[in-house]
Structure formats: C-alpha cells, structure tokens
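Undergrad: Quick one, coords-v1.cif (mmCIF, C-alpha atoms):
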data_final
loop_
_atom_site.label_atom_id
_atom_site.label_comp_id
_atom_site.auth_asym_id
_atom_site.auth_seq_id
_atom_site.Cartn_x
_atom_site.Cartn_y
_atom_site.Cartn_z
CA MET A 9 76.24 -55.00 17.75
CA ALA A 10 75.81 -54.26 14.02
CA GLN A 11 72.37 -53.03 12.96
CA LYS A 12 71.03 -55.06 10.06
CA ILE A 13 69.60 -52.94 7.24
CA GLU A 14 68.01 -53.67 3.87
CA LEU A 15 68.70 -51.07 1.19
CA GLY A 16 66.29 -50.69 -1.68
CA LEU A 17 65.14 -48.47 -4.51
CA ASP A 18 61.71 -47.10 -5.43
CA THR A 19 60.44 -45.60 -8.67
CA PHE A 20 57.14 -44.35 -10.04
CA GLY A 21 58.35 -44.81 -13.60
CA ASP A 22 58.74 -41.05 -14.01
CA VAL A 23 58.65 -40.04 -17.69
CA THR A 24 62.18 -38.85 -18.42
CA PHE A 25 64.00 -36.78 -21.02
CA ASP A 26 66.09 -38.33 -23.76
CA ALA A 27 69.55 -37.03 -24.69
CA ALA A 28 68.00 -34.22 -26.73
CA GLY A 29 65.76 -33.03 -23.90
CA ALA A 30 62.52 -34.48 -25.30
CA LEU A 31 60.14 -36.61 -23.25
CA LEU A 32 60.45 -40.33 -23.86
CA PRO A 33 57.30 -42.29 -24.75
CA GLN A 34 55.87 -44.22 -21.82
CA PRO A 35 56.59 -47.67 -23.35
CA GLN A 36 60.31 -46.82 -23.51
CA VAL A 37 60.20 -45.58 -19.91
CA LEU A 38 58.78 -48.96 -18.86
CA ARG A 39 61.60 -50.79 -20.60
CA ASN A 40 64.08 -48.48 -18.88
CA VAL A 41 62.56 -49.29 -15.48
CA VAL A 42 63.18 -52.97 -16.13
CA ALA A 43 66.82 -52.22 -17.01
CA GLU A 44 67.19 -50.14 -13.83
CA ALA A 45 65.89 -53.02 -11.71
CA VAL A 46 68.23 -55.49 -13.39
CA LEU A 47 71.17 -53.22 -12.54
CA ALA A 48 69.92 -52.91 -8.94
CA ASP A 49 70.02 -56.71 -8.66
CA GLN A 50 73.49 -56.86 -10.20
CA VAL A 51 74.92 -54.37 -7.67
CA GLY A 52 73.49 -56.32 -4.73
CA LEU A 53 70.60 -54.15 -3.54
CA ASN A 54 67.87 -55.79 -1.47
CA PHE A 55 64.60 -54.42 -2.85
CA PHE A 56 63.11 -52.77 -5.92
CA GLY A 57 59.71 -51.11 -5.55
CA ILE A 58 57.42 -49.67 -8.23
CA GLY A 59 54.60 -47.25 -7.49
CA GLU A 60 51.18 -47.19 -9.12
CA HIS A 61 49.92 -44.04 -10.86
CA HIS A 62 47.46 -43.14 -13.59
CA ARG A 63 48.93 -39.89 -14.94
CA THR A 64 50.79 -38.55 -17.93
CA ASP A 65 54.01 -37.95 -15.95
CA PHE A 66 54.34 -41.50 -14.56
CA ALA A 67 54.42 -44.55 -16.83
CA VAL A 68 53.55 -47.36 -14.41
CA SER A 69 49.86 -48.14 -13.91
CA ALA A 70 50.31 -51.93 -13.51
CA PRO A 71 53.34 -52.46 -11.24
CA GLU A 72 52.89 -56.22 -10.94
CA VAL A 73 53.25 -56.69 -14.70
CA VAL A 74 56.50 -54.72 -14.74
CA LEU A 75 57.73 -56.56 -11.65
CA ALA A 76 57.02 -59.91 -13.31
CA ALA A 77 59.15 -58.86 -16.28
CA ILE A 78 61.90 -57.89 -13.83
CA ALA A 79 61.57 -61.20 -11.99
CA GLY A 80 62.47 -63.07 -15.17
CA GLN A 81 65.74 -61.13 -15.49
CA THR A 82 66.89 -61.03 -11.85
CA ARG A 83 67.91 -63.54 -9.22
CA ASP A 84 68.15 -62.14 -5.69
CA ILE A 85 66.47 -58.75 -5.34
CA ARG A 86 63.07 -58.61 -3.64
CA LEU A 87 60.30 -57.07 -5.73
CA GLY A 88 57.27 -55.10 -4.64
CA SER A 89 55.00 -52.11 -4.93
CA ALA A 90 55.61 -48.58 -3.69
CA VAL A 91 52.63 -48.35 -3.10
CA THR A 92 49.61 -50.35 -4.24
CA VAL A 93 46.55 -48.08 -3.97
CA LEU A 94 44.34 -50.61 -2.22
CA SER A 95 41.41 -48.19 -1.89
CA SER A 96 40.74 -48.22 -5.63
CA ASP A 97 41.59 -51.88 -6.24
CA ASP A 98 40.10 -55.20 -5.25
CA PRO A 99 41.86 -56.96 -2.36
CA VAL A 100 41.30 -60.41 -3.83
CA ARG A 101 42.84 -59.45 -7.16
CA VAL A 102 45.74 -57.65 -5.42
CA PHE A 103 46.52 -60.78 -3.42
CA GLN A 104 46.28 -62.97 -6.52
CA ARG A 105 48.60 -60.73 -8.52
CA PHE A 106 51.24 -60.61 -5.80
CA SER A 107 51.01 -64.29 -4.92
CA THR A 108 51.51 -64.96 -8.64
CA LEU A 109 54.51 -62.62 -8.65
CA ASP A 110 55.80 -64.47 -5.60
CA ALA A 111 55.58 -67.75 -7.52
CA VAL A 112 57.35 -66.58 -10.68
CA SER A 113 60.08 -64.82 -8.65
CA ASN A 114 60.72 -67.82 -6.38
CA GLY A 115 59.41 -66.14 -3.25
CA ARG A 116 60.75 -62.60 -3.73
CA ALA A 117 57.45 -60.65 -3.80
CA GLU A 118 56.14 -58.21 -1.25
CA VAL A 119 53.47 -55.53 -1.28
CA ILE A 120 53.27 -52.08 0.29
CA LEU A 121 49.64 -51.07 0.72
CA GLY A 122 48.53 -47.46 0.97
CA ARG A 123 45.83 -44.95 0.19
CA GLY A 124 48.08 -43.16 -2.29
CA SER A 125 48.88 -39.45 -2.47
CA PHE A 126 47.13 -39.04 -5.86
CA THR A 127 43.43 -39.59 -6.49
CA GLU A 128 43.24 -40.19 -10.26
CA SER A 129 42.45 -43.87 -9.74
CA PHE A 130 39.15 -43.15 -8.00
CA PRO A 131 37.21 -41.64 -10.94
CA LEU A 132 39.07 -43.94 -13.34
CA PHE A 133 37.65 -47.01 -11.62
CA GLY A 134 34.26 -45.51 -10.79
CA LEU A 135 34.81 -44.88 -7.07
CA GLU A 136 33.68 -41.92 -4.98
CA LEU A 137 36.25 -39.83 -3.11
CA ASP A 138 33.80 -39.30 -0.26
CA GLN A 139 34.38 -42.99 0.56
CA TYR A 140 38.16 -42.48 0.71
CA GLU A 141 38.54 -43.61 4.34
CA LEU A 142 35.91 -46.36 4.27
CA LEU A 143 37.32 -47.93 1.11
CA PHE A 144 40.79 -48.29 2.56
CA GLU A 145 39.65 -49.48 5.98
CA GLU A 146 37.35 -52.18 4.61
CA LYS A 147 39.70 -53.36 1.90
CA LEU A 148 42.65 -53.54 4.27
CA ASN A 149 40.52 -55.56 6.67
CA LEU A 150 39.72 -58.03 3.90
CA PHE A 151 43.33 -58.16 2.70
CA THR A 152 44.58 -59.11 6.15
CA GLU A 153 42.11 -61.99 6.14
CA LEU A 154 43.44 -63.11 2.76
CA LEU A 155 46.98 -63.08 4.15
CA LYS A 156 46.04 -66.02 6.38
CA GLU A 157 45.71 -68.10 3.16
CA GLU A 158 42.68 -69.93 4.49
CA PRO A 159 39.02 -69.91 3.30
CA VAL A 160 37.65 -66.41 3.93
CA THR A 161 34.24 -65.33 5.17
CA TRP A 162 33.88 -61.55 5.07
CA ALA A 163 31.25 -58.87 4.49
CA GLY A 164 31.38 -55.10 4.11
CA GLU A 165 29.83 -52.11 2.35
CA THR A 166 32.30 -51.56 -0.50
CA ARG A 167 32.41 -54.96 -2.26
CA GLY A 168 30.56 -58.25 -2.38
CA ALA A 169 30.79 -60.65 0.55
CA LEU A 170 32.90 -63.81 0.65
CA ASN A 171 31.52 -67.00 2.16
CA HIS A 172 34.20 -69.56 3.08
CA GLN A 173 35.97 -68.93 -0.23
CA SER A 174 39.59 -69.73 -1.04
CA VAL A 175 41.83 -67.51 -3.14
CA TYR A 176 44.44 -68.89 -5.52
CA PRO A 177 47.34 -69.23 -5.98
CA PRO A 178 48.60 -69.47 -2.42
CA THR A 179 52.22 -68.59 -1.76
CA GLU A 180 54.69 -71.44 -1.36
CA SER A 181 55.86 -70.09 2.00
CA GLY A 182 52.36 -69.41 3.27
CA SER A 183 53.27 -65.77 3.88
CA LEU A 184 53.23 -62.70 1.61
CA ARG A 185 55.32 -59.92 3.14
CA THR A 186 52.98 -56.93 3.44
CA TRP A 187 53.77 -53.39 4.62
CA ILE A 188 51.52 -50.41 5.30
CA GLY A 189 52.78 -47.19 3.73
CA VAL A 190 52.03 -44.01 5.70
CA GLY A 191 52.77 -40.36 5.10
CA GLY A 192 52.70 -39.08 8.66
CA SER A 193 49.18 -39.71 9.95
CA PRO A 194 49.05 -41.10 13.51
CA GLN A 195 45.80 -42.85 12.62
CA SER A 196 47.56 -44.72 9.81
CA VAL A 197 50.40 -45.71 12.12
CA VAL A 198 47.96 -47.14 14.68
CA ARG A 199 46.09 -48.94 11.90
CA ALA A 200 49.30 -50.68 10.80
CA ALA A 201 49.97 -51.73 14.40
CA HIS A 202 46.38 -52.96 14.82
CA TYR A 203 46.90 -55.43 11.97
CA GLY A 204 50.44 -56.28 13.08
CA LEU A 205 51.93 -55.21 9.74
CA PRO A 206 55.35 -53.62 9.08
CA LEU A 207 55.41 -49.83 8.71
CA MET A 208 56.85 -47.95 5.72
CA LEU A 209 57.26 -44.22 6.35
CA ALA A 210 57.11 -41.95 3.29
CA VAL A 211 59.46 -39.13 4.34
CA ILE A 212 59.45 -36.62 1.50
CA GLY A 213 59.73 -33.34 3.41
CA GLY A 214 61.01 -31.96 6.69
CA SER A 215 63.43 -33.82 8.91
CA PRO A 216 63.34 -37.63 8.89
CA LEU A 217 64.12 -37.66 12.61
CA ALA A 218 60.91 -35.67 13.18
CA PHE A 219 59.12 -38.97 12.55
CA GLU A 220 60.51 -40.38 15.80
CA PRO A 221 57.21 -39.73 17.69
CA LEU A 222 55.35 -41.80 15.08
CA VAL A 223 57.87 -44.61 15.46
CA ASP A 224 57.34 -44.50 19.21
CA LEU A 225 53.55 -44.51 18.70
CA TYR A 226 53.87 -47.55 16.45
CA HIS A 227 55.87 -49.50 19.06
CA ARG A 228 53.42 -48.56 21.81
CA ALA A 229 50.43 -49.51 19.65
CA LEU A 230 51.96 -52.88 18.75
CA ALA A 231 52.40 -53.59 22.44
CA GLN A 232 48.85 -52.47 23.23
CA PHE A 233 47.43 -54.73 20.52
CA GLU A 234 49.70 -57.55 21.72
CA LYS A 235 51.39 -57.84 18.33
CA PRO A 236 55.02 -58.88 17.82
CA THR A 237 57.68 -56.35 16.89
CA GLN A 238 57.64 -55.48 13.18
CA PRO A 239 60.13 -53.90 10.77
CA ILE A 240 60.04 -50.16 10.07
CA GLY A 241 61.21 -48.75 6.75
CA GLU A 242 61.66 -45.32 5.20
CA HIS A 243 61.07 -44.17 1.61
CA SER A 244 62.75 -40.87 0.69
CA PRO A 245 63.84 -39.13 -2.54
CA GLY A 246 67.50 -38.92 -3.43
CA TYR A 247 70.24 -39.04 -6.01
CA VAL A 248 73.90 -40.10 -5.93
CA ALA A 249 76.72 -38.67 -8.05
CA ALA A 250 80.48 -38.39 -7.74
CA THR A 251 80.36 -35.20 -5.65
CA ASP A 252 77.78 -33.28 -3.64
CA ALA A 253 77.89 -30.38 -6.07
CA GLN A 254 77.38 -32.57 -9.12
CA ALA A 255 74.47 -34.45 -7.52
CA ARG A 256 72.67 -31.26 -6.52
CA GLU A 257 73.20 -29.52 -9.87
CA GLU A 258 71.97 -32.54 -11.84
CA MET A 259 68.98 -33.18 -9.59
CA TRP A 260 67.75 -29.64 -8.99
CA PRO A 261 66.09 -28.62 -12.29
CA HIS A 262 64.21 -31.90 -12.66
CA TYR A 263 63.17 -32.04 -9.01
CA ALA A 264 62.03 -28.41 -9.09
CA ALA A 265 59.97 -28.91 -12.25
CA MET A 266 58.30 -31.99 -10.77
CA GLN A 267 57.51 -30.24 -7.48
CA GLU A 268 56.12 -27.18 -9.26
CA ARG A 269 53.95 -29.31 -11.56
CA ILE A 270 52.42 -31.24 -8.67
CA GLY A 271 52.33 -28.09 -6.55
CA ARG A 272 50.13 -26.30 -9.07
CA GLU A 273 47.60 -29.10 -8.69
CA ARG A 274 47.66 -28.93 -4.89
CA GLY A 275 48.09 -25.24 -4.22
CA TRP A 276 51.67 -25.40 -2.98
CA GLY A 277 53.93 -22.38 -3.02
CA PRO A 278 56.88 -22.04 -5.42
CA VAL A 279 59.94 -24.26 -4.98
CA SER A 280 63.10 -22.35 -4.06
CA ARG A 281 66.71 -23.36 -4.49
CA GLU A 282 67.28 -22.30 -0.89
CA ARG A 283 64.68 -24.78 0.32
CA PHE A 284 66.16 -27.49 -1.88
CA GLU A 285 69.62 -26.90 -0.41
CA HIS A 286 68.21 -27.14 3.11
CA ASP A 287 66.37 -30.38 2.33
CA ALA A 288 69.55 -31.77 0.76
CA GLY A 289 71.47 -30.94 3.94
CA PRO A 290 72.03 -33.13 7.00
CA ASP A 291 68.56 -32.53 8.49
CA GLY A 292 66.43 -32.66 5.35
CA ALA A 293 64.45 -35.37 3.57
CA LEU A 294 66.48 -35.40 0.33
CA PHE A 295 69.30 -37.96 0.25
CA VAL A 296 71.37 -36.29 -2.43
CA GLY A 297 75.13 -36.05 -2.79
CA SER A 298 78.30 -38.08 -3.01
CA PRO A 299 78.31 -41.71 -1.82
CA GLU A 300 79.88 -40.67 1.50
CA THR A 301 77.31 -37.90 2.07
CA VAL A 302 74.33 -40.11 1.25
CA ALA A 303 75.66 -43.04 3.28
CA THR A 304 76.26 -40.83 6.33
CA LYS A 305 72.72 -39.47 6.15
CA ILE A 306 71.16 -42.92 5.69
CA ALA A 307 73.13 -44.37 8.61
CA ALA A 308 71.99 -41.48 10.83
CA VAL A 309 68.28 -42.00 10.15
CA VAL A 310 68.57 -45.79 10.35
CA THR A 311 70.06 -45.39 13.82
CA GLY A 312 67.77 -42.55 14.89
CA LEU A 313 64.51 -44.24 13.85
CA GLY A 314 65.53 -47.86 14.32
CA LEU A 315 64.91 -48.73 10.68
CA SER A 316 65.11 -52.19 9.15
CA ARG A 317 64.98 -50.87 5.58
CA PHE A 318 65.72 -47.70 3.66
CA ASP A 319 64.37 -47.24 0.12
CA LEU A 320 65.76 -44.44 -2.05
CA LYS A 321 63.15 -42.99 -4.41
CA TYR A 322 65.72 -42.56 -7.17
CA SER A 323 63.49 -41.48 -10.07
CA LEU A 324 63.22 -37.69 -10.05
CA GLY A 325 60.90 -36.29 -12.67
CA THR A 326 62.53 -35.94 -16.06
CA LEU A 327 66.10 -36.77 -14.96
CA ALA A 328 67.46 -39.01 -17.72
CA HIS A 329 67.65 -42.80 -17.54
CA GLU A 330 71.42 -42.80 -18.12
CA LYS A 331 72.01 -40.61 -15.05
CA LEU A 332 69.65 -42.78 -12.99
CA MET A 333 71.68 -45.83 -13.97
CA THR A 334 74.86 -44.15 -12.72
CA SER A 335 73.11 -43.22 -9.48
CA ILE A 336 71.91 -46.82 -8.99
CA GLU A 337 75.40 -48.18 -9.58
CA LEU A 338 76.90 -45.79 -7.03
CA TYR A 339 74.14 -46.56 -4.52
CA GLY A 340 74.77 -50.29 -4.76
CA THR A 341 78.55 -50.36 -5.05
CA ARG A 342 79.54 -47.38 -2.89
CA VAL A 343 76.69 -46.20 -0.67
CA ALA A 344 75.46 -49.61 0.52
CA PRO A 345 78.89 -50.83 1.75
CA LEU A 346 79.52 -47.49 3.48
CA VAL A 347 76.15 -47.60 5.26
CA ARG A 348 76.78 -51.10 6.55
CA GLU A 349 80.28 -50.13 7.65
CA LYS A 350 78.90 -47.14 9.59
CA LEU A 351 76.31 -49.36 11.31
CA THR A 352 78.84 -51.90 12.63
#
Once more with this new file: its structure as structure tokens, please.
TA:
Amino acid sequence: MAQKIELGLDTFGDVTFDAAGALLPQPQVLRNVVAEAVLADQVGLNFFGIGEHHRTDFAVSAPEVVLAAIAGQTRDIRLGSAVTVLSSDDPVRVFQRFSTLDAVSNGRAEVILGRGSFTESFPLFGLELDQYELLFEEKLNLFTELLKEEPVTWAGETRGALNHQSVYPPTESGSLRTWIGVGGSPQSVVRAAHYGLPLMLAVIGGSPLAFEPLVDLYHRALAQFEKPTQPIGEHSPGYVAATDAQAREEMWPHYAAMQERIGRERGWGPVSRERFEHDAGPDGALFVGSPETVATKIAAVVTGLGLSRFDLKYSLGTLAHEKLMTSIELYGTRVAPLVREKLT
C-alpha cells in the first residue's frame, strides 16, 4: 500500500546576499519570501511554513502577515508557521491571527506551536526567561481550550483569566490544524500526546532515524492518554541542485557561516567541511543533493519514522534568492514525484 506524504517547505526569511554579495534589506527579503511561496504553490507543494524570529539575520517577525500576503497570491498550498513562539505571545491573539488567516485563505491555515530555539522575544516583550517552562505550559493549555471554539473559562499565573468568553473569528470548519514542534525532548513529545496534537520533529543534526525512540514514545503516550492517532512530521534543512556536487558546493559556505554565527552565541565548536559532508550523506540531517539523492533520503526517513509530512527548511543563511527559487522548483517538479514513486 502506498504511504501518503505531504511535502512542504519552511523558511525563517533568512537575510540573503544579492548578486554582488551584499546583504539585501529585510523588506526585500520579505517580498522574496512571498515570491518563493507563490512558486511553491505553482509546483504543487503541500505546505509553506514561515518561522518567527526577532534578529538581524532573519526578516520575519510577523509570519501571519506574510502568510496573508501569500494567501492572496496562491490557491492550493497550505500556509502556516514554523514555529510560532507561543511562550512569548498571547494564545488568544495567536488563535485570532490564524483563524483570520484561515478565513482569507479559504481554510488553508495551520499553526505549529513551539518554545523556539532563540530567546530574543522574551526580553523584547517583557517576559522573564526563568518562566520559560511555565509560560509555554500554561499558554499551550489555554490554546488547546481555544481550539474547541466554544466559550472559554480559564485561569493561570501568566495572563489574565477568561470567564466564559468567546474568541472571534471562528474557523469555518470548526478546526484549526495545530502541531507541536519539538527538538528532541521526551517531555515535549509526551506533552504533544497529552493534548492529542500532531507532532513536528525538528531534525537539524545527527541521524533522522535516531528519532525513532521519540516516535515510539509519542505513539505509546497517545495510547496511554486515550487519544487518536495523529500525524508526525519532520522539519530538516536541505537544498536541491542539478547534481550532488553542485548542491553541496553552493550550500556549504552559506550554511557554514550561519552555523558559525549562531554557534558563537551558543558556545558551539567550529563547523568543519568533514562534518558537513557526513550530515549531507545518507545518515545525516541535511537533505542536500540532486533530486534523486534528496528524494531517496526523504523516502527513507518517511518510511523509517512513519511520517505524514516532510518539510524542507530551504532557506540557508545568505544563499541567494535566485538559487532558492531553483531549489524550490526542483523540489516540487522533480523531488516530490520521485518521493511518491518510491513510497508506492
């Protein structure tokens, strides 16, 4: 029996170089993201996700606004976040923004909720990092109540209480597709199962198949909480070009610079070409290469982890918009058909 798979793209709106090697202004990057999403729709991809950041190297701080602009220029592709940092936002406003996006896109909106791997939003919005866990737990609890689209009564420590209050607009379908994004924490996996929400695994290092124990934990936790089976997705970086060699040569300098920049902030060691080549190989977390190579790798992890969706994080630091457009076209027209053929 063929395994059904959705294939999507994710971006953080990375600030890219222009043809002369200079950084583009963030407003131009935002317009380029819209163009990239339009192309993704044209080549038949299933999902386009935009992450939220508040930094100089990523242009998108308000994903829903960009997604609404995309909705007006696309027809079929589903649109969502990758991820929404719920801890530093208000659950009521998040629901309202995505239910509004759902309306203007004719039911194509979804949201991936997470704690985020960056913390700039906490001081920006006047929140304390020592409440990191409590903020997410309480706000997720409230958000799951909002998903019922009924009057909500709720109280907690991190925001004002609600007393039989309704939130508008509701979705037309009565259901906003909501995922929990996790980076490898068993606690986060169990939390997703507790609320009966789909699981999105952020696999950005190591072997994707090493996440199999977390997938098994998720299934066992769903059963323990008496929740129905839910989809599992994977988000991983990658890049598609005509050949493996071309893809790796074009990706490497931009990927290395991005990893080193973030690594300096977090105390990581230097990035080596040897490590990059390993991660780009069959067992690594980078889906980089020719259409055949990338499709083979995607099909293997879809089968190995039992995935319902795979999202390629196609924006890679300063790698130019024009090259990203070529990668998107190859992903939609060459990789996607090959993946589905391999899964039949």
Undergrad: Residues within 9 Å of Lys331 (chain A), please, as a VMD selection string. Count all atoms listed in the file; anything in the same chain fewer than 4 positions from it doesn't count.
TA: chain A and resid 249 258 327 335 to 336
Undergrad: Once the PyMOL selection byres ((chain A and resi 25) around 9) is applied to the coordinates I shared, what remains selected? I want it as a compact mmCIF listing (two decimals) with C-alpha atoms, in the frame of the given file.
TA:
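Result file follows (out.txt):
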# COMPACT_ATOMS: atom_id res chain seq x y z
CA VAL A 23 58.65 -40.04 -17.69
CA THR A 24 62.18 -38.85 -18.42
CA ASP A 26 66.09 -38.33 -23.76
CA ALA A 27 69.55 -37.03 -24.69
CA ALA A 28 68.00 -34.22 -26.73
CA GLY A 29 65.76 -33.03 -23.90
CA ALA A 30 62.52 -34.48 -25.30
CA LEU A 31 60.14 -36.61 -23.25
CA LEU A 32 60.45 -40.33 -23.86
CA GLY A 325 60.90 -36.29 -12.67
CA THR A 326 62.53 -35.94 -16.06
CA LEU A 327 66.10 -36.77 -14.96
CA ALA A 328 67.46 -39.01 -17.72
CA HIS A 329 67.65 -42.80 -17.54
Undergrad: Looking at all atoms listed in the file, which of A:Lys235, A:His262, A:Arg185, A:Lys147 is the one that sits closest to His202 (chain A)?
TA: A:Lys235
Undergrad: Counting only C-alpha atoms, figure out which residue out of A:Thr237, A:Ser215, A:Ser95, A:Asn114 gets nearest to Arg167 (chain A).
TA: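 Closest to Arg167 (chain A) of all the choices is A:Ser95.
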Undergrad: Can I get the residues of region 132-175 of chain A within 7 Å of region 96-108 of chain A, each with the closest pair of atoms and their distance in Å to one decimal, using all atoms listed in the file, sorted chain first then ascending number, as CSV?
TA:
residue,atom,partner,partner_atom,distance
A:Phe133,CA,A:Ser96,CA,6.8
A:Leu135,CA,A:Ser96,CA,7.0
A:Lys147,CA,A:Pro99,CA,6.0
A:Leu150,CA,A:Pro99,CA,6.7
A:Phe151,CA,A:Pro99,CA,5.4
Undergrad: May I have the residues within 8 Å of Arg256 (chain A) as a JSON list (two decimals) with C-alpha atoms, in the frame of the given file, using only C-alpha atoms and disregarding those fewer than 6 positions away in the same chain?
TA:
[["chain", "number", "residue", "atom", "x", "y", "z"],
["A", 288, "ALA", "CA", 69.55, -31.77, 0.76],
["A", 296, "VAL", "CA", 71.37, -36.29, -2.43],
["A", 297, "GLY", "CA", 75.13, -36.05, -2.79]]
Undergrad: Under the rule that all atoms listed in the file are counted, which of A:Ile212, A:Ala307, A:Leu170, A:Ala293 is the nearest residue to Thr352 (chain A)?
TA: A:Ala307
Undergrad: Kindly give the distance, in Å, that separates CA of Gly115 (chain A) and CA of Leu346 (chain A), rounded to a single decimal.
TA: 28.2 Å
Undergrad: So which residues touch Lys12 (chain A) within 8 Å, counting all atoms listed in the file, skipping near sequence neighbours fewer than 2 positions away, as number ranges by chain?
TA: A: 10, 14, 316, 348, 351
Undergrad: How many Å separate CA of Glu300 (chain A) from CA of Val347 (chain A)?
TA: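 Taking CA of Glu300 (chain A) as the start and CA of Val347 (chain A) as the end point, the length is 8.7 Å.
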Undergrad: So the first atom is CA of Phe233 (chain A) and the second is CA of Arg199 (chain A); what is the distance between them in Å, to one decimal place?
TA: 10.5 Å
Undergrad: Running the PyMOL selection byres ((chain A and resi 184) around 10) on this model by hand, what would come out? Give it as a PyMOL selection string.
TA: chain A and resi 103+106-107+110+115-119+154-157+178-183+185-187
Undergrad: My list of candidates is A:Pro221, A:Gly289, A:Gly189, A:Pro261. Which is closest to Leu209 (chain A) when distances are computed with only C-alpha atoms?
TA: A:Gly189
